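Okay, coords-v5.txt now, which holds compact mmCIF, C-alpha atoms and all ligand atoms:
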```
# COMPACT_ATOMS: atom_id res chain seq x y z
CA MET A 25 -82.34 -118.02 78.70
CA PRO A 26 -82.76 -117.90 74.90
CA GLN A 27 -81.43 -120.77 72.77
CA PRO A 28 -77.77 -119.88 72.33
CA PRO A 29 -76.48 -119.83 68.76
CA TYR A 30 -73.49 -121.99 69.54
CA LYS A 31 -72.07 -124.84 67.49
CA ARG A 32 -68.53 -125.35 68.73
CA ILE A 33 -67.97 -124.93 72.41
CA LEU A 34 -65.11 -125.26 74.84
CA LEU A 35 -65.97 -126.80 78.20
CA LYS A 36 -63.67 -125.83 81.05
CA LEU A 37 -63.74 -128.22 83.98
CA SER A 38 -61.80 -127.43 87.10
CA GLY A 39 -60.01 -130.41 88.55
CA GLU A 40 -62.23 -130.34 91.64
CA VAL A 41 -65.20 -131.30 89.47
CA LEU A 42 -63.69 -134.80 89.24
CA MET A 43 -63.58 -135.28 93.02
CA GLY A 44 -66.45 -136.98 94.83
CA GLN A 45 -67.18 -138.15 98.35
CA SER A 46 -64.76 -141.06 97.99
CA GLY A 47 -61.71 -139.03 99.03
CA LEU A 48 -60.00 -139.86 95.75
CA SER A 49 -58.55 -136.97 93.73
CA ILE A 50 -60.18 -138.50 90.68
CA ASP A 51 -63.40 -140.34 91.50
CA PRO A 52 -64.22 -142.73 88.63
CA ALA A 53 -67.98 -142.54 89.32
CA VAL A 54 -67.96 -138.74 89.25
CA THR A 55 -65.76 -138.72 86.16
CA ALA A 56 -68.20 -141.10 84.45
CA ARG A 57 -71.07 -138.71 85.22
CA VAL A 58 -69.14 -135.78 83.74
CA ALA A 59 -68.43 -137.93 80.67
CA ASP A 60 -72.18 -138.56 80.33
CA GLU A 61 -72.79 -134.81 80.28
CA ILE A 62 -70.21 -134.40 77.51
CA ALA A 63 -71.64 -137.33 75.54
CA ASN A 64 -75.14 -135.80 75.76
CA ALA A 65 -73.84 -132.48 74.45
CA LYS A 66 -72.26 -134.33 71.53
CA THR A 67 -75.52 -136.11 70.79
CA MET A 68 -77.18 -132.70 70.65
CA GLY A 69 -74.86 -131.88 67.74
CA PHE A 70 -72.28 -129.67 69.42
CA GLU A 71 -68.57 -129.87 68.64
CA LEU A 72 -66.72 -130.10 71.90
CA CYS A 73 -63.31 -129.10 73.15
CA VAL A 74 -62.55 -129.77 76.82
CA VAL A 75 -59.92 -128.18 79.04
CA VAL A 76 -59.38 -129.78 82.44
CA GLY A 77 -57.69 -128.15 85.41
CA GLY A 78 -55.50 -129.86 87.98
CA GLY A 79 -56.50 -128.27 91.27
CA ASN A 80 -57.79 -131.57 92.66
CA ILE A 81 -54.21 -132.85 92.59
CA PHE A 82 -51.74 -129.98 92.73
CA ARG A 83 -51.50 -126.21 92.30
CA GLY A 84 -48.18 -124.42 91.93
CA MET A 85 -49.31 -121.59 94.19
CA ALA A 86 -50.03 -124.02 97.02
CA GLY A 87 -46.53 -125.47 96.65
CA ALA A 88 -44.99 -121.99 96.55
CA ALA A 89 -46.83 -121.05 99.75
CA ARG A 90 -44.92 -123.88 101.45
CA GLY A 91 -41.51 -122.88 100.10
CA MET A 92 -41.41 -124.67 96.75
CA GLU A 93 -40.13 -122.86 93.68
CA ARG A 94 -43.25 -121.56 91.93
CA ALA A 95 -42.28 -122.60 88.40
CA THR A 96 -41.52 -126.17 89.50
CA GLY A 97 -44.84 -126.34 91.31
CA ASP A 98 -46.61 -125.02 88.23
CA TYR A 99 -45.07 -127.74 86.06
CA MET A 100 -46.31 -130.28 88.60
CA GLY A 101 -49.76 -128.68 88.36
CA MET A 102 -49.65 -128.99 84.58
CA LEU A 103 -48.74 -132.67 84.88
CA ALA A 104 -51.76 -133.06 87.16
CA THR A 105 -53.99 -131.74 84.38
CA VAL A 106 -52.64 -134.48 82.10
CA MET A 107 -53.76 -137.14 84.60
CA ASN A 108 -57.21 -135.57 84.73
CA ALA A 109 -57.38 -135.40 80.93
CA LEU A 110 -56.57 -139.11 80.68
CA ALA A 111 -59.26 -139.89 83.24
CA VAL A 112 -61.87 -137.92 81.27
CA GLN A 113 -60.71 -139.54 78.03
CA ASN A 114 -61.01 -143.00 79.57
CA ALA A 115 -64.52 -142.27 80.87
CA LEU A 116 -65.63 -140.94 77.48
CA GLU A 117 -64.22 -143.88 75.57
CA GLN A 118 -65.93 -146.31 77.93
CA ILE A 119 -69.23 -144.93 76.70
CA GLY A 120 -68.19 -144.96 73.06
CA VAL A 121 -67.21 -141.31 72.53
CA GLU A 122 -64.11 -140.93 70.39
CA THR A 123 -61.59 -138.55 71.92
CA ARG A 124 -58.07 -137.28 71.55
CA VAL A 125 -55.94 -135.72 74.27
CA GLN A 126 -53.52 -133.03 73.17
CA SER A 127 -50.95 -131.80 75.65
CA ALA A 128 -49.27 -128.40 75.64
CA ILE A 129 -46.23 -130.16 77.14
CA PRO A 130 -45.11 -132.77 74.63
CA MET A 131 -45.25 -136.32 76.01
CA SER A 132 -45.74 -138.47 72.97
CA SER A 133 -46.27 -141.76 74.81
CA VAL A 134 -49.43 -140.57 76.55
CA ALA A 135 -50.96 -137.84 74.40
CA GLU A 136 -50.68 -136.03 71.11
CA PRO A 137 -48.78 -132.75 71.19
CA PHE A 138 -50.99 -129.68 70.78
CA ILE A 139 -51.25 -129.04 67.05
CA ARG A 140 -54.05 -126.62 66.26
CA ARG A 141 -54.79 -127.80 62.76
CA ARG A 142 -54.84 -131.42 63.84
CA ALA A 143 -57.19 -130.57 66.68
CA LEU A 144 -59.51 -128.83 64.21
CA ARG A 145 -59.50 -131.96 62.06
CA HIS A 146 -60.43 -134.10 65.08
CA LEU A 147 -63.42 -131.84 65.75
CA GLU A 148 -64.52 -132.07 62.12
CA LYS A 149 -64.41 -135.86 62.45
CA GLY A 150 -66.70 -135.68 65.48
CA ARG A 151 -64.09 -136.38 68.13
CA VAL A 152 -63.98 -134.64 71.49
CA VAL A 153 -60.61 -132.96 71.89
CA ILE A 154 -59.29 -132.69 75.44
CA PHE A 155 -56.55 -130.14 75.95
CA ALA A 156 -54.12 -130.85 78.77
CA ALA A 157 -51.26 -128.96 80.43
CA GLY A 158 -52.84 -125.51 80.15
CA VAL A 159 -50.79 -123.20 77.97
CA GLY A 160 -47.64 -125.23 78.71
CA SER A 161 -45.92 -122.49 80.72
CA PRO A 162 -45.75 -121.77 84.43
CA PHE A 163 -47.40 -118.67 85.93
CA PHE A 164 -50.60 -119.36 83.99
CA THR A 165 -53.78 -121.21 84.85
CA THR A 166 -56.00 -123.61 82.97
CA ASP A 167 -58.62 -120.84 82.83
CA THR A 168 -56.25 -118.89 80.63
CA GLY A 169 -55.46 -122.08 78.74
CA ALA A 170 -59.18 -122.56 78.16
CA ALA A 171 -59.64 -119.00 76.85
CA LEU A 172 -56.61 -119.38 74.59
CA ARG A 173 -57.74 -122.71 73.14
CA ALA A 174 -61.29 -121.39 72.70
CA ALA A 175 -59.89 -118.53 70.60
CA GLU A 176 -57.53 -120.76 68.62
CA MET A 177 -60.22 -123.34 67.88
CA GLY A 178 -62.81 -120.77 66.86
CA CYS A 179 -65.21 -121.74 69.64
CA ASP A 180 -68.51 -119.86 69.84
CA ALA A 181 -68.53 -119.90 73.63
CA LEU A 182 -66.57 -121.01 76.66
CA PHE A 183 -68.66 -123.01 79.14
CA LYS A 184 -67.23 -122.88 82.63
CA GLY A 185 -68.56 -125.76 84.70
CA THR A 186 -68.38 -124.93 88.41
CA SER A 187 -70.20 -125.79 91.63
CA VAL A 188 -72.37 -122.64 91.59
CA ASP A 189 -75.14 -121.82 89.13
CA GLY A 190 -73.68 -118.59 87.79
CA VAL A 191 -72.04 -115.30 88.69
CA TYR A 192 -73.27 -113.41 91.78
CA ASP A 193 -72.72 -109.82 92.87
CA ALA A 194 -71.40 -111.19 96.19
CA ASP A 195 -70.43 -114.61 97.50
CA PRO A 196 -73.80 -116.43 97.84
CA LYS A 197 -72.35 -118.67 100.57
CA LEU A 198 -71.61 -115.62 102.73
CA VAL A 199 -74.27 -113.11 101.63
CA PRO A 200 -77.79 -114.62 101.55
CA THR A 201 -79.16 -111.67 99.54
CA ALA A 202 -76.53 -112.04 96.82
CA LYS A 203 -78.06 -111.66 93.36
CA ARG A 204 -77.24 -113.86 90.38
CA TYR A 205 -76.66 -112.13 87.08
CA GLU A 206 -78.44 -113.47 83.98
CA THR A 207 -75.90 -111.60 81.89
CA VAL A 208 -72.98 -109.44 82.89
CA THR A 209 -70.38 -107.57 80.87
CA PHE A 210 -66.71 -108.47 80.70
CA SER A 211 -65.83 -105.00 82.00
CA ARG A 212 -68.12 -105.40 85.06
CA VAL A 213 -66.51 -108.75 85.83
CA LEU A 214 -63.06 -107.18 85.65
CA SER A 215 -63.85 -103.91 87.45
CA ASP A 216 -65.81 -105.58 90.28
CA ASN A 217 -63.40 -108.50 90.46
CA LEU A 218 -66.29 -110.96 90.18
CA LYS A 219 -65.33 -114.61 90.61
CA VAL A 220 -65.65 -116.03 87.10
CA MET A 221 -62.20 -116.88 85.79
CA ASP A 222 -58.88 -115.17 86.31
CA ALA A 223 -58.49 -111.72 84.79
CA SER A 224 -56.22 -112.76 81.92
CA ALA A 225 -58.74 -115.41 80.84
CA VAL A 226 -61.62 -112.93 81.00
CA ALA A 227 -59.63 -110.33 79.02
CA LEU A 228 -58.73 -112.91 76.36
CA CYS A 229 -62.40 -113.86 75.94
CA ARG A 230 -63.41 -110.19 75.82
CA ASP A 231 -60.80 -109.37 73.16
CA ASN A 232 -61.92 -112.30 71.01
CA ASN A 233 -65.68 -111.93 71.56
CA ILE A 234 -66.10 -115.30 73.18
CA PRO A 235 -68.95 -115.32 75.70
CA ILE A 236 -68.34 -117.20 78.95
CA VAL A 237 -71.28 -119.27 80.20
CA VAL A 238 -70.97 -120.05 83.91
CA PHE A 239 -73.12 -122.93 85.13
CA ASN A 240 -73.27 -125.69 87.73
CA ILE A 241 -71.76 -128.88 86.32
CA ARG A 242 -72.47 -130.87 89.50
CA GLU A 243 -76.17 -130.98 88.72
CA GLN A 244 -77.00 -133.96 86.54
CA GLY A 245 -78.16 -133.06 83.03
CA ASN A 246 -77.37 -129.40 83.50
CA LEU A 247 -74.93 -128.98 80.62
CA ALA A 248 -77.56 -130.19 78.15
CA GLN A 249 -80.16 -127.91 79.80
CA VAL A 250 -77.92 -124.87 79.52
CA LEU A 251 -76.95 -125.75 75.95
CA SER A 252 -80.60 -125.98 74.98
CA GLY A 253 -81.26 -122.56 76.50
CA HIS A 254 -83.39 -123.80 79.42
CA GLY A 255 -80.82 -124.06 82.19
CA VAL A 256 -79.72 -121.67 84.89
CA ALA A 257 -76.48 -119.90 84.05
CA THR A 258 -74.83 -116.51 83.75
CA ILE A 259 -73.56 -115.32 80.40
CA VAL A 260 -70.56 -113.00 80.49
CA GLN A 261 -70.45 -111.06 77.22
N1 LIG B 1 -50.63 -124.46 85.43
C1 LIG B 1 -49.62 -123.71 84.85
N2 LIG B 1 -49.78 -123.24 83.57
C2 LIG B 1 -50.91 -123.43 82.86
C3 LIG B 1 -51.96 -124.17 83.46
C4 LIG B 1 -51.80 -124.66 84.73
O1 LIG B 1 -48.59 -123.51 85.46
O2 LIG B 1 -50.98 -122.99 81.71
C5 LIG B 1 -50.45 -125.06 86.76
C6 LIG B 1 -50.68 -124.10 87.91
O3 LIG B 1 -49.80 -124.44 88.96
C7 LIG B 1 -52.11 -124.44 88.31
C8 LIG B 1 -52.13 -125.93 88.13
O4 LIG B 1 -51.36 -126.13 86.94
O5 LIG B 1 -52.39 -124.08 89.65
C9 LIG B 1 -53.49 -126.55 87.97
O6 LIG B 1 -54.29 -125.75 87.11
P1 LIG B 1 -55.51 -124.86 87.66
O7 LIG B 1 -55.18 -124.29 89.00
O8 LIG B 1 -55.87 -123.90 86.60
O9 LIG B 1 -56.63 -125.98 87.82
P2 LIG B 1 -58.16 -125.85 88.28
O10 LIG B 1 -58.25 -124.77 89.31
O11 LIG B 1 -58.94 -125.50 87.07
O12 LIG B 1 -58.49 -127.21 88.79
```
Kindly transcribe the structure held in the file into structure tokens.
Ligand code: UDP
Amino acid sequence: MPQPPYKRILLKLSGEVLMGQSGLSIDPAVTARVADEIANAKTMGFELCVVVGGGNIFRGMAGAARGMERATGDYMGMLATVMNALAVQNALEQIGVETRVQSAIPMSSVAEPFIRRRALRHLEKGRVVIFAAGVGSPFFTTDTGAALRAAEMGCDALFKGTSVDGVYDADPKLVPTAKRYETVTFSRVLSDNLKVMDASAVALCRDNNIPIVVFNIREQGNLAQVLSGHGVATIVQ
């Protein structure tokens, strides 16, 4: 992988990334390791925005499947992302990284409201900005929230940290011969329904020329590796 010409990146972490073997939805040890990855990326000189999901705690769709009103479940899911954002903020501040959490749902006692220009100022001052509550509306996902914030913040790339090392032409857990793409186009991802991010997030990145870098965040040191152009990842562009 060549050295990517990125300066400002958005890191999307699904909520499940914060779970470990402990059975806790948010495992402090795992969260601390993720914070280390982010701190290393900062030391390398990158400006970092982070969007965290909430799937480790609650998803609106799961509630709806059991009879709950979808919109109510989605608001619960968004609140879950705020808990995750606070956990990541806490882990980062414990290792001396200055952060701000901005929530798309205003809750002034726990986080700043999302104000784009203020978020830009935080980045300029070297702070990591963590965006919580997705886009602030039900029927969306934090993937779409990540794509939206990446566009608003002028990010050079969206890094999607997952538990696989890129995008495959078939599910590698089911098909042993599945092939990993080094690069793949947005239109191939959409037409072949490849598992990267949801379609609205992919389309938003395509329309704003923001490459999506899919990599395994569970492997220690991997974010820094991928950022320096030596890691294993798939670039969607
Ligand atoms: N959600 C929402 N609007 C948003 C972002 C999230 O309604 O803009 C809700 C939705 O119910 C979603 C849940 O919050 O399932 C948690 O987010 P997501 O599933 O994207 O988390 P992840 O899979 O990344 O952990």
List all protein, DNA and RNA residues that have any atom at most 9 Å from ligand LIG 1 (chain B), counting all atoms listed in the file, and write the list as an NGL selection string. :A and (36-41 or 75-87 or 94-105 or 128 or 156-170)
Determine the nearest neighbour of Arg124 in chain A from the options A:Val54, A:Asp195, A:Arg173, A:Leu72, counting only C-alpha atoms.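 Of the candidates, the smallest distance to Arg124 in chain A is held by A:Leu72.
Between CA of Asp51 in chain A and CA of Gly120 in chain A there is a distance of 19.6 Å.
Of the residues under consideration (A:Ala248, A:Cys179, A:Ala56, A:Val191), A:Val191 shows the shortest atom-to-atom contact distance to Lys219 in chain A when counting only C-alpha atoms.
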Neighbour list for range 201-216 of chain A as a list in words, cut-off 9 Å, all atoms listed in the file, skip fewer than 4 positions in-chain: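 Contacts, with the query itself left out: Met25, Asp189, Gly190, Val191, Tyr192, Asp193, Ala194, Asp195, Pro196, Lys197, Val220, Ala223, Val226, Ala227, Cys229, Arg230, Pro235, Val256, Ala257, Thr258, Ile259, Val260 and Gln261 of chain A.
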Find the residues of range 152-228 of chain A that sit at most 12 Å from range 67-71 of chain A; for each, write down the nearest two atoms and how far apart they are in Å, to one decimal. Count only C-alpha atoms. Sort by chain, then by number going up, and give it as CSV.
```
residue,atom,partner,partner_atom,distance
A:Val152,CA,A:Glu71,CA,7.2
A:Val153,CA,A:Glu71,CA,9.1
A:Ile154,CA,A:Glu71,CA,11.8
A:Ala174,CA,A:Glu71,CA,11.9
A:Met177,CA,A:Glu71,CA,10.6
A:Gly178,CA,A:Glu71,CA,10.9
A:Cys179,CA,A:Glu71,CA,8.9
A:Asp180,CA,A:Glu71,CA,10.1
A:Ala181,CA,A:Glu71,CA,11.1
```
From the block you just saw, export range 48-79 of chain A: C-alpha atoms, as a PDB file, in the first residue's frame.
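Saved the output as part-v4.pdb:
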```pdb
ATOM      1  CA  LEU A  48     -19.089  -5.980  29.436  1.00  0.00           C
ATOM      2  CA  SER A  49     -20.613  -3.850  26.671  1.00  0.00           C
ATOM      3  CA  ILE A  50     -17.732  -1.451  27.157  1.00  0.00           C
ATOM      4  CA  ASP A  51     -14.541  -3.190  28.272  1.00  0.00           C
ATOM      5  CA  PRO A  52     -12.199  -0.591  29.803  1.00  0.00           C
ATOM      6  CA  ALA A  53      -9.084  -2.573  28.835  1.00  0.00           C
ATOM      7  CA  VAL A  54     -10.188  -2.846  25.206  1.00  0.00           C
ATOM      8  CA  THR A  55     -11.214   0.807  25.157  1.00  0.00           C
ATOM      9  CA  ALA A  56      -7.776   1.748  26.498  1.00  0.00           C
ATOM     10  CA  ARG A  57      -6.124  -0.196  23.669  1.00  0.00           C
ATOM     11  CA  VAL A  58      -8.264   1.594  21.075  1.00  0.00           C
ATOM     12  CA  ALA A  59      -7.316   4.903  22.720  1.00  0.00           C
ATOM     13  CA  ASP A  60      -3.634   3.951  22.344  1.00  0.00           C
ATOM     14  CA  GLU A  61      -4.176   3.440  18.610  1.00  0.00           C
ATOM     15  CA  ILE A  62      -5.751   6.884  18.335  1.00  0.00           C
ATOM     16  CA  ALA A  63      -2.979   8.483  20.409  1.00  0.00           C
ATOM     17  CA  ASN A  64      -0.338   6.904  18.130  1.00  0.00           C
ATOM     18  CA  ALA A  65      -2.082   8.279  15.054  1.00  0.00           C
ATOM     19  CA  LYS A  66      -2.049  11.729  16.653  1.00  0.00           C
ATOM     20  CA  THR A  67       1.650  11.428  17.415  1.00  0.00           C
ATOM     21  CA  MET A  68       2.193  10.661  13.734  1.00  0.00           C
ATOM     22  CA  GLY A  69       0.771  14.105  12.975  1.00  0.00           C
ATOM     23  CA  PHE A  70      -2.734  13.258  11.823  1.00  0.00           C
ATOM     24  CA  GLU A  71      -5.780  15.311  12.780  1.00  0.00           C
ATOM     25  CA  LEU A  72      -8.409  12.950  14.057  1.00  0.00           C
ATOM     26  CA  CYS A  73     -12.174  12.902  14.179  1.00  0.00           C
ATOM     27  CA  VAL A  74     -13.810   9.817  15.678  1.00  0.00           C
ATOM     28  CA  VAL A  75     -17.353   8.533  15.233  1.00  0.00           C
ATOM     29  CA  VAL A  76     -18.439   5.706  17.517  1.00  0.00           C
ATOM     30  CA  GLY A  77     -21.373   3.390  16.937  1.00  0.00           C
ATOM     31  CA  GLY A  78     -23.659   1.928  19.579  1.00  0.00           C
ATOM     32  CA  GLY A  79     -24.255  -1.629  18.440  1.00  0.00           C
TER      33      GLY A  79
END
```
